[in-house]
Amino acid sequence: MVQNKVKMNTKAGLFLAIVASVAIMMFSSEAVAETQTPENTSTITPINEEISLQKIVTTMTVPEDNTLPWGTVRGGASDYVERYPIIIQFFKGEDPVHVAQVDAKGDGSYEYKFRVRNVDNVTGEVVNIFEGQYTVKIFKVIHNQDETL
């Protein structure tokens with residue numbers, strides 16, 4: 001009978017751990033960089049007669065008291081060229097700290113999720129991977145809008 005209770009407690013604990021993990025992944029982090037805000041800067045550099053490179057510069061702030069493990073960079077649907085990935089670069093001041101590559105979804109939107117905080121399961125030590133303000137540069141290949149390019 002004691003063995004059955006231990007097995008039930010173990011199963012219940014495992015179930016609660018899975019539910020907690022899913023719940024954490026469902027909530028968005030406080031660290032978000034979005035490309036659809038007015039304070040962003042965007043430049044377009046022609047590559048050839050058909051395509052150009054769009055560079056979007058935005059900021060991401062990770063609060064000191066952040067308790068959530070994930071951050072996100074996302075952009076809305078846009079005109080993009082298939083087969084060209086979206087490159088995301090993170091800078092702390094002038095220093096590059098992280099680079100990522102993601103594919104656009106069918107509607108041209110994209111999302112990149114990344115860890116901003118880790119907790120060591122053995123020691124319980126918390127490590128903030130990102131903290132403070134970052135410049136985020138997003139590069140994507142788009143179709144030319146202006147026929148004179």
# chains A, B, ... in the order shown; residues from 1 in each chain; ligands from 1

$ residues_around --residues "Glu94 of chain A" --least-positions-apart "3" --cutoff "10 Å" --atoms "only C-alpha atoms" --output "ChimeraX atom specification"
/A:90-91,97,134-135

$ write_last_selection --atoms "C-alpha atoms" --output "short mmCIF file (atom, residue, chain, number, x, y, z; two decimals), in the first residue's frame"
data_model
loop_
_atom_site.label_atom_id
_atom_site.label_comp_id
_atom_site.auth_asym_id
_atom_site.auth_seq_id
_atom_site.Cartn_x
_atom_site.Cartn_y
_atom_site.Cartn_z
CA PHE A 90 21.39 41.36 -30.75
CA PHE A 91 23.81 44.05 -29.58
CA VAL A 97 25.91 39.17 -28.14
CA TYR A 134 19.63 45.75 -26.41
CA THR A 135 19.64 46.93 -30.00
#

$ residues_around --residues "Gly108 of chain A" --least-positions-apart "4" --cutoff "8 Å" --atoms "only C-alpha atoms" --output "PyMOL selection string"
chain A and resi 76-80+104

$ write_last_selection --atoms "C-alpha atoms" --output "short mmCIF file (atom, residue, chain, number, x, y, z; two decimals), in the first residue's frame"
data_model
loop_
_atom_site.label_atom_id
_atom_site.label_comp_id
_atom_site.auth_asym_id
_atom_site.auth_seq_id
_atom_site.Cartn_x
_atom_site.Cartn_y
_atom_site.Cartn_z
CA GLY A 76 4.13 41.03 -38.78
CA ALA A 77 3.21 39.78 -42.20
CA SER A 78 5.19 41.46 -44.94
CA ASP A 79 6.45 41.15 -48.47
CA TYR A 80 9.38 38.76 -48.29
CA ALA A 104 9.23 33.39 -42.44
#

$ select_by_dssp --residues "segment 23-125 of chain A" --states "strand (DSSP E or B)" --output "VMD selection string"
chain A and resid 31 to 34 41 to 46 51 to 62 70 to 75 86 to 92 95 to 102 110 to 115 117 to 119

$ write_last_selection --atoms "N, CA and C atoms" --output "compact mmCIF listing (two decimals), in the first residue's frame"
# COMPACT_ATOMS: atom_id res chain seq x y z
N ALA A 31 10.32 40.23 -22.21
CA ALA A 31 11.33 40.68 -23.16
C ALA A 31 10.84 40.43 -24.57
N VAL A 32 10.38 41.49 -25.23
CA VAL A 32 9.83 41.35 -26.57
C VAL A 32 10.36 42.47 -27.44
N ALA A 33 10.82 42.12 -28.63
CA ALA A 33 11.19 43.12 -29.63
C ALA A 33 10.25 42.92 -30.81
N GLU A 34 9.48 43.94 -31.13
CA GLU A 34 8.54 43.84 -32.25
C GLU A 34 8.94 44.84 -33.32
N THR A 41 13.66 51.98 -36.94
CA THR A 41 14.16 52.54 -38.18
C THR A 41 14.28 51.42 -39.19
N SER A 42 14.02 51.75 -40.44
CA SER A 42 14.08 50.75 -41.50
C SER A 42 14.82 51.34 -42.68
N THR A 43 15.76 50.57 -43.22
CA THR A 43 16.46 50.98 -44.44
C THR A 43 16.36 49.85 -45.44
N ILE A 44 16.33 50.22 -46.71
CA ILE A 44 16.25 49.22 -47.78
C ILE A 44 17.42 49.45 -48.71
N THR A 45 18.18 48.38 -48.96
CA THR A 45 19.34 48.43 -49.83
C THR A 45 19.11 47.48 -51.00
N PRO A 46 19.09 48.00 -52.24
CA PRO A 46 18.87 47.12 -53.40
C PRO A 46 20.00 46.10 -53.55
N ILE A 51 15.18 42.23 -56.06
CA ILE A 51 15.12 42.10 -54.60
C ILE A 51 16.00 43.13 -53.90
N SER A 52 15.65 43.38 -52.64
CA SER A 52 16.41 44.32 -51.79
C SER A 52 16.56 43.71 -50.40
N LEU A 53 17.50 44.24 -49.64
CA LEU A 53 17.69 43.84 -48.25
C LEU A 53 17.09 44.92 -47.35
N GLN A 54 16.13 44.51 -46.53
CA GLN A 54 15.52 45.43 -45.58
C GLN A 54 16.17 45.21 -44.22
N LYS A 55 16.59 46.31 -43.59
CA LYS A 55 17.17 46.25 -42.24
C LYS A 55 16.28 47.05 -41.31
N ILE A 56 15.81 46.40 -40.27
CA ILE A 56 14.98 47.05 -39.26
C ILE A 56 15.79 47.08 -37.97
N VAL A 57 15.85 48.25 -37.33
CA VAL A 57 16.56 48.38 -36.06
C VAL A 57 15.53 48.76 -35.00
N THR A 58 15.49 47.98 -33.93
CA THR A 58 14.56 48.21 -32.84
C THR A 58 15.29 48.00 -31.52
N THR A 59 14.61 48.21 -30.42
CA THR A 59 15.23 47.98 -29.12
C THR A 59 14.44 46.92 -28.35
N MET A 60 15.13 46.25 -27.47
CA MET A 60 14.52 45.27 -26.58
C MET A 60 15.04 45.56 -25.18
N THR A 61 14.13 45.65 -24.23
CA THR A 61 14.51 45.88 -22.85
C THR A 61 14.09 44.69 -22.00
N VAL A 62 15.03 44.12 -21.28
CA VAL A 62 14.75 43.02 -20.36
C VAL A 62 14.86 43.59 -18.95
N TRP A 70 11.63 33.23 -21.12
CA TRP A 70 11.70 33.37 -22.57
C TRP A 70 11.60 34.82 -23.02
N GLY A 71 12.25 35.12 -24.12
CA GLY A 71 12.11 36.39 -24.82
C GLY A 71 11.68 36.09 -26.25
N THR A 72 11.17 37.09 -26.95
CA THR A 72 10.65 36.88 -28.30
C THR A 72 10.98 38.07 -29.18
N VAL A 73 11.37 37.78 -30.42
CA VAL A 73 11.46 38.79 -31.47
C VAL A 73 10.47 38.35 -32.53
N ARG A 74 9.55 39.25 -32.90
CA ARG A 74 8.56 38.88 -33.91
C ARG A 74 8.25 40.05 -34.82
N GLY A 75 7.83 39.70 -36.02
CA GLY A 75 7.45 40.71 -36.99
C GLY A 75 6.17 40.30 -37.70
N ILE A 86 15.45 35.05 -42.34
CA ILE A 86 15.50 36.32 -41.63
C ILE A 86 16.62 36.21 -40.61
N ILE A 87 17.51 37.18 -40.60
CA ILE A 87 18.65 37.18 -39.69
C ILE A 87 18.37 38.20 -38.58
N ILE A 88 18.56 37.79 -37.34
CA ILE A 88 18.32 38.65 -36.18
C ILE A 88 19.62 38.75 -35.39
N GLN A 89 20.08 39.98 -35.15
CA GLN A 89 21.31 40.22 -34.40
C GLN A 89 20.99 41.04 -33.15
N PHE A 90 21.57 40.65 -32.02
CA PHE A 90 21.39 41.36 -30.75
C PHE A 90 22.71 42.03 -30.38
N PHE A 91 22.63 43.30 -29.99
CA PHE A 91 23.81 44.05 -29.58
C PHE A 91 23.56 44.66 -28.20
N LYS A 92 24.55 44.59 -27.34
CA LYS A 92 24.55 45.29 -26.06
C LYS A 92 25.55 46.42 -26.24
N ASP A 95 28.57 45.93 -28.82
CA ASP A 95 29.05 44.56 -28.83
C ASP A 95 27.97 43.57 -29.25
N PRO A 96 28.26 42.73 -30.28
CA PRO A 96 27.29 41.69 -30.66
C PRO A 96 27.25 40.61 -29.58
N VAL A 97 26.03 40.18 -29.20
CA VAL A 97 25.91 39.17 -28.14
C VAL A 97 25.17 37.92 -28.58
N HIS A 98 24.39 38.00 -29.67
CA HIS A 98 23.62 36.83 -30.10
C HIS A 98 23.18 37.03 -31.54
N VAL A 99 23.16 35.95 -32.32
CA VAL A 99 22.69 35.97 -33.70
C VAL A 99 21.76 34.79 -33.90
N ALA A 100 20.68 35.01 -34.65
CA ALA A 100 19.73 33.95 -34.93
C ALA A 100 19.28 34.02 -36.38
N GLN A 101 18.80 32.89 -36.87
CA GLN A 101 18.26 32.81 -38.23
C GLN A 101 16.93 32.08 -38.15
N VAL A 102 15.88 32.67 -38.71
CA VAL A 102 14.56 32.05 -38.72
C VAL A 102 13.96 32.15 -40.11
N TYR A 110 7.13 36.32 -38.73
CA TYR A 110 8.17 35.47 -38.14
C TYR A 110 8.19 35.67 -36.65
N GLU A 111 8.78 34.68 -35.97
CA GLU A 111 8.93 34.76 -34.52
C GLU A 111 10.16 33.95 -34.12
N TYR A 112 10.95 34.53 -33.24
CA TYR A 112 12.12 33.85 -32.69
C TYR A 112 12.03 33.91 -31.18
N LYS A 113 11.98 32.74 -30.54
CA LYS A 113 11.94 32.65 -29.08
C LYS A 113 13.32 32.24 -28.58
N PHE A 114 13.74 32.82 -27.47
CA PHE A 114 15.06 32.53 -26.94
C PHE A 114 15.04 32.66 -25.42
N ARG A 115 16.00 32.01 -24.79
CA ARG A 115 16.10 32.05 -23.32
C ARG A 115 16.69 33.38 -22.88
N ARG A 117 16.62 33.74 -19.33
CA ARG A 117 16.91 33.39 -17.93
C ARG A 117 16.95 31.87 -17.80
N ASN A 118 17.95 31.37 -17.11
CA ASN A 118 18.09 29.93 -16.83
C ASN A 118 18.11 29.71 -15.33
N VAL A 119 17.61 28.56 -14.92
CA VAL A 119 17.70 28.14 -13.53
C VAL A 119 18.33 26.76 -13.51

$ closest_residue --among "A:Val81, A:Ile47, A:Val126, A:Leu68" --to "Val141 of chain A" --atoms "only C-alpha atoms"
A:Val81

$ atom_distance --atom1 "atom CA of Tyr84 of chain A" --atom2 "atom CA of Asn40 of chain A"
22.1 Å

$ closest_residue --among "A:Glu49, A:Gly93, A:Asp65, A:Asn121" --to "Val136 of chain A" --atoms "only C-alpha atoms"
A:Gly93

$ atom_distance --atom1 "atom CA of Phe139 of chain A" --atom2 "atom CA of Asn48 of chain A"
16.2 Å

$ atom_distance --atom1 "atom CA of Glu64 of chain A" --atom2 "atom CA of Glu131 of chain A"
6.1 Å
